[in-house]
Every structure is written in structure tokens, then in C-alpha cells.
There are 2 protein chains.
Amino acid sequence: MPTTLDSTFSALADPTRRAILARLAQGEATVGELAAPFRISMPAISRHLRVLEAASLVRSEREGKHRRCRLDAQALAGASDWLESYRRFWNAGLDRLDTYLKRAPQQPGPGKGNSRAKSR
Amino acid sequence: MPTTLDSTFSALADPTRRAILARLAQGEATVGELAAPFRISMPAISRHLRVLEAASLVRSEREGKHRRCRLDAQALAGASDWLESYRRFWNAGLDRLDTYLKRAPQQPGPGKGNSRAKSR
DNA sequence: TTGTTAATTAACAATCTGGTTAACTGAAAT
DNA sequence: ATTTCAGTTAACCAGATTGTTAATTAACAA
């Protein structure tokens with residue numbers, strides 16, 4: 001529901017979790033299948049999955065003895081939107097940032113994009 | 001130099017830091033100016049800035065008594081690229097994900113990836 | 001029923017985070 | 001030279017994160 005940028009970005013900050021998402025992008029998988037490529041224990045994977053589910057990036061359902069997980073990329077759209085609103089800054093190039101700002105004064109969020117910046 | 005996705009995403013996971021970036025998107029600012037909108041102490045802001053600088057999202061230089069900070073959005077491009085490679089998953093829509101995967105089997109990364117796909 | 005397999009929960013430790021206040025540093029102003 | 005201002009560093013705290021191993025639950029197989 002809320003699926004804040006906080007939870008999205010912080011879920012994505014971990015390389016194991018990004019690897020899990022990459023794996024799920026190729027198709028559904030059980031917890032065991034997801035754990036296989038890693039050296040870390042199954043409980044550790046299980047908790048990474050809880051984090052990903054809390055961030056609404058993964059959904060899963062019990063299926064007999066297994067738990068089948070699949071990607072839910074919807075929340076990534078919000079993060080992408082946020083980043084897009086900064087695109088002009090890296091397009092413009094660092095060296096021209098000053099002049100750019102001078103000739104295009106803007107407001108918050110970072111400005112044009114309005115995005116969905118959520119302060120506390 | 002390395003500016004990993006780890007450091008980028010984890011820097012972005014904090015709302016105060018995102019607010020600082022939004023503020024800097026409007027123009028340079030001193031540490032005090034950045035701290036003003038928040039109720040938290042100046043040392044706290046100072047450390048948020050250290051995190052942002054470590055993630056190469058902000059650069060700063062001493063200027064007399066002050067420290068002037070400015071946005072360095074370059075690192076956001078990497079995060080954006082990563083997210084873009086998942087765009088098709090949220091474009092496709094959750095309900096059609098299964099069929100999509102069945103008719104377009106892919107590899108890792110999450111796959112077709114190729115990044116830099118500017119569909120916007 | 002008994003055992004096996006898949007996965008979660010529990011309990012624990014180490015480390016990281018984000019905040020605090022107090023003390024310090026360096027530049028500017030008096 | 002002293003004070004004041006802007007900011008960082010130090011020491012500390014509470015709570016979250018990430019991992020571990022051991023115990024537990026749930027479903028299936030014998």
C-alpha cells in the first residue's frame with residue numbers, strides 16, 4: 001500500500017536482494033532455488049525475502065512443500081519516477097550545472113518533475 | 001570511483017538525504033542552509049552529507065567559514081539504468097507477467113536489460 | 001506412524017544507522 | 001587577542017540489519 005521510497009530504495013541497497021530480483025526476473029522460483037546460488041544460509045535468504053515482500057517487490061504463495069516467489073516490479077516504478085526527475089542533472093553534465101541552474105530556476109522535488117519526494 | 005549501486009541506493013533510502021538532494025537540485029547551499037528545514041541537529045546533517053559525498057551524490061568545498069555543497073547527480077544514472085532494465089516488468093503489468101515470461105524467456109541482469117533504454 | 005524435505009522461527013552476536021550532546025577547529029569580526 | 005560563527009569530531013545510545021546455528025512447523029513419502 002504505502003510502498004514508500006524508503007522501503008524500496010533500502011530493499012534495493014543490498015546486492016543479495018538485487019540478485020534475487022534479477023533471478024526472479026527470469027521466472028518464478030522457490031525459496032530453495034533462490035538460495036542455491038548463494039553461500040549464505042537459507043534463513044538468511046528467507047529474511048531477505050521478507051524484506052522484499054515488505055517492500056512489495058516480491059510476492060509469494062505456499063505451494064505444497066514449497067513457497068513459490070515471483071517478482072512484483074510495480075514498486076520500482078516509483079523509484080524510477082523519483083530518479084527520472086533528476087535526469088536532467090546528469091544529462092546536463094556536472095561542469096554545466098551552475099549555468100544550467102542559473103538559467104532555469106526551479107522549485108522543489110527537485111523541481112520540474114515534482115515526482116513524489118517524501119520528506120519526514 | 002566505484003560508486004556502487006549499494007552506496008547509491010542506500011544513500012537514497014533515507015528521506016532526509018533525499019530532501020537534501022532535492023534542496024541541492026535548486027542550487028548550491030551551505031551546510032547550515034541545508035540543515036535549516038530540519039529539526040535534527042547540525043552534526044546529524046553533517047553526517048548525512050558525509051554519506052551523500054561517500055556515494056558521490058554531493059560534492060562540497062570549503063568557502064571561508066562555510067562549506068558550499070552542490071549536487072552531483074552522475075551516480076543517479078547508474079541507479080536509473082538498473083531500474084530501467086526492469087521497466088518492462090511494471091509496464092507489462094502484474095497479471096500478465098506469467099504469460100509474458102512464457103513467451104519471452106530471458107537471461108540475467110534481469111535479462112534483455114541493455115539498460116540506457118530511454119523510453120521517456 | 002515415522003521419516004524426510006522445505007522453509008520459518010528463535011535466540012544470539014556483530015555491525016551499521018541515525019540520532020543526541022559536548023568538545024573541538026578554523027575563519028571572521030571585534 | 002578574544003570572541004563568535006560554521007561546521008566537524010568524539011563519545012555515546014537505541015534500535016535496526018545481517019548473518020549464524022538450533023529448533024520448529026508443514027507437507028509429502030514410506
# chains A, B, ... in the order shown; residues from 1 in each chain; ligands from 1
>>> residues_around(residues="DG15 of chain D", least_positions_apart="2", cutoff="12 Å", atoms="only C-alpha atoms (C1' of nucleotides)", output="list in words")
DC16, DT17, DG18 and DG19 of chain C; DC13 and DT17 of chain D
>>> interface_residues(of="chain D", to="chain B", cutoff="9 Å", atoms="only C-alpha atoms (C1' of nucleotides)", output="PDB file with C-alpha atoms (C1' of nucleotides), in the first residue's frame")
ATOM      1  C1'  DC D   5      30.140  31.716  13.990  1.00  0.00           C
ATOM      2  C1'  DA D   6      30.010  27.405  10.936  1.00  0.00           C
ATOM      3  C1'  DG D   7      30.939  23.125  10.948  1.00  0.00           C
ATOM      4  C1'  DT D   8      33.207  18.640  12.285  1.00  0.00           C
TER       5       DT D   8
END
>>> closest_atom_pairs(of="chain C", to="chain B", cutoff="10 Å", atoms="only C-alpha atoms (C1' of nucleotides)", output="tab-separated table")
residue	atom	partner	partner_atom	distance
C:DG18	C1'	B:Ala44	CA	7.5
C:DG19	C1'	B:Ala44	CA	6.8
C:DT20	C1'	B:Ser41	CA	8.2
C:DT21	C1'	B:Ser41	CA	9.9
C:DG26	C1'	B:Lys65	CA	7.6
C:DA27	C1'	B:Lys65	CA	5.1
C:DA28	C1'	B:Lys65	CA	7.4
>>> closest_residue(among="A:Ala36, A:Ile45, A:Ala73, A:Ala55", to="chain B", atoms="only C-alpha atoms")
A:Ala73
>>> select_by_dssp(residues="segment 32-105 of chain B", states="strand (DSSP E or B)", output="PyMOL selection string")
chain B and resi 58-63+66-71
>>> write_last_selection(atoms="N, CA and C atoms", output="PDB file, in the first residue's frame")
ATOM      1  N   VAL B  58      26.942  14.165  -3.722  1.00  0.00           N
ATOM      2  CA  VAL B  58      27.141  15.569  -3.363  1.00  0.00           C
ATOM      3  C   VAL B  58      28.634  15.845  -3.344  1.00  0.00           C
ATOM      4  N   ARG B  59      28.978  17.035  -3.779  1.00  0.00           N
ATOM      5  CA  ARG B  59      30.363  17.468  -3.638  1.00  0.00           C
ATOM      6  C   ARG B  59      30.356  18.789  -2.885  1.00  0.00           C
ATOM      7  N   SER B  60      31.449  19.074  -2.230  1.00  0.00           N
ATOM      8  CA  SER B  60      31.464  20.298  -1.439  1.00  0.00           C
ATOM      9  C   SER B  60      32.884  20.817  -1.326  1.00  0.00           C
ATOM     10  N   GLU B  61      32.949  22.099  -1.017  1.00  0.00           N
ATOM     11  CA  GLU B  61      34.262  22.706  -0.831  1.00  0.00           C
ATOM     12  C   GLU B  61      34.152  23.781   0.234  1.00  0.00           C
ATOM     13  N   ARG B  62      35.218  23.933   0.943  1.00  0.00           N
ATOM     14  CA  ARG B  62      35.232  24.947   1.971  1.00  0.00           C
ATOM     15  C   ARG B  62      35.264  26.315   1.314  1.00  0.00           C
ATOM     16  N   GLU B  63      34.529  27.227   1.908  1.00  0.00           N
ATOM     17  CA  GLU B  63      34.490  28.563   1.339  1.00  0.00           C
ATOM     18  C   GLU B  63      34.442  29.529   2.513  1.00  0.00           C
ATOM     19  N   HIS B  66      32.221  28.908   5.651  1.00  0.00           N
ATOM     20  CA  HIS B  66      31.158  27.982   5.255  1.00  0.00           C
ATOM     21  C   HIS B  66      31.671  26.808   4.429  1.00  0.00           C
ATOM     22  N   ARG B  67      30.786  25.864   4.245  1.00  0.00           N
ATOM     23  CA  ARG B  67      31.051  24.789   3.301  1.00  0.00           C
ATOM     24  C   ARG B  67      29.929  24.761   2.282  1.00  0.00           C
ATOM     25  N   ARG B  68      30.307  24.972   1.041  1.00  0.00           N
ATOM     26  CA  ARG B  68      29.301  25.041  -0.006  1.00  0.00           C
ATOM     27  C   ARG B  68      29.129  23.671  -0.640  1.00  0.00           C
ATOM     28  N   CYS B  69      27.885  23.209  -0.721  1.00  0.00           N
ATOM     29  CA  CYS B  69      27.597  21.880  -1.253  1.00  0.00           C
ATOM     30  C   CYS B  69      26.836  21.988  -2.559  1.00  0.00           C
ATOM     31  N   ARG B  70      27.121  21.065  -3.446  1.00  0.00           N
ATOM     32  CA  ARG B  70      26.307  21.017  -4.652  1.00  0.00           C
ATOM     33  C   ARG B  70      26.040  19.582  -5.070  1.00  0.00           C
ATOM     34  N   LEU B  71      24.969  19.437  -5.808  1.00  0.00           N
ATOM     35  CA  LEU B  71      24.518  18.143  -6.282  1.00  0.00           C
ATOM     36  C   LEU B  71      25.494  17.573  -7.299  1.00  0.00           C
TER      37      LEU B  71
END
>>> atom_distance(atom1="atom CA of Leu21 of chain B", atom2="atom CA of Leu34 of chain B")
9.5 Å
>>> atom_distance(atom1="atom CA of Asp72 of chain A", atom2="atom CA of Glu53 of chain A")
8.9 Å
>>> closest_residue(among="B:Ser80, B:Gln74, B:Ser85, B:Ser56", to="Ser7 of chain B", atoms="only C-alpha atoms")
B:Ser56
>>> select_by_dssp(residues="segment 31-102 of chain A", states="helix (DSSP H, G or I)", output="count of residues only")
44
>>> atom_distance(atom1="atom CA of Leu52 of chain A", atom2="atom CA of Trp90 of chain A")
28.8 Å
>>> residues_around(residues="Ile20 of chain A", least_positions_apart="3", cutoff="9 Å", atoms="only C-alpha atoms (C1' of nucleotides)", output="JSON, numbers by chain")
{"A": [15, 16, 17, 23, 24, 25, 34, 35, 48, 49]}
>>> write_last_selection(atoms="N, CA and C atoms", output="CSV table (one decimal), in the first residue's frame")
chain,number,residue,atom,x,y,z
A,15,PRO,N,23.0,-6.2,-2.3
A,15,PRO,CA,23.3,-6.9,-3.5
A,15,PRO,C,22.7,-8.3,-3.6
A,16,THR,N,22.5,-8.9,-2.4
A,16,THR,CA,21.9,-10.2,-2.4
A,16,THR,C,20.4,-10.0,-2.9
A,17,ARG,N,19.8,-9.0,-2.4
A,17,ARG,CA,18.4,-8.8,-2.7
A,17,ARG,C,18.2,-8.4,-4.2
A,23,ARG,N,17.1,-12.8,-10.5
A,23,ARG,CA,16.8,-14.2,-10.7
A,23,ARG,C,15.3,-14.3,-10.9
A,24,LEU,N,14.5,-13.6,-10.2
A,24,LEU,CA,13.0,-13.7,-10.3
A,24,LEU,C,12.6,-13.1,-11.6
A,25,ALA,N,13.4,-12.2,-12.2
A,25,ALA,CA,13.0,-11.6,-13.5
A,25,ALA,C,13.0,-12.6,-14.6
A,34,LEU,N,16.1,-20.0,-5.0
A,34,LEU,CA,16.7,-18.6,-4.8
A,34,LEU,C,17.9,-18.7,-4.0
A,35,ALA,N,17.9,-19.6,-3.0
A,35,ALA,CA,19.0,-19.6,-2.1
A,35,ALA,C,20.3,-20.3,-2.7
A,48,HIS,N,15.7,-12.1,3.7
A,48,HIS,CA,15.8,-11.1,2.5
A,48,HIS,C,14.5,-11.1,1.8
A,49,LEU,N,13.9,-12.3,1.7
A,49,LEU,CA,12.6,-12.3,1.0
A,49,LEU,C,11.5,-11.6,1.8
>>> closest_residue(among="A:Ala29, A:Ala13, A:Ala54, A:Ala92", to="chain B", atoms="only C-alpha atoms")
A:Ala13
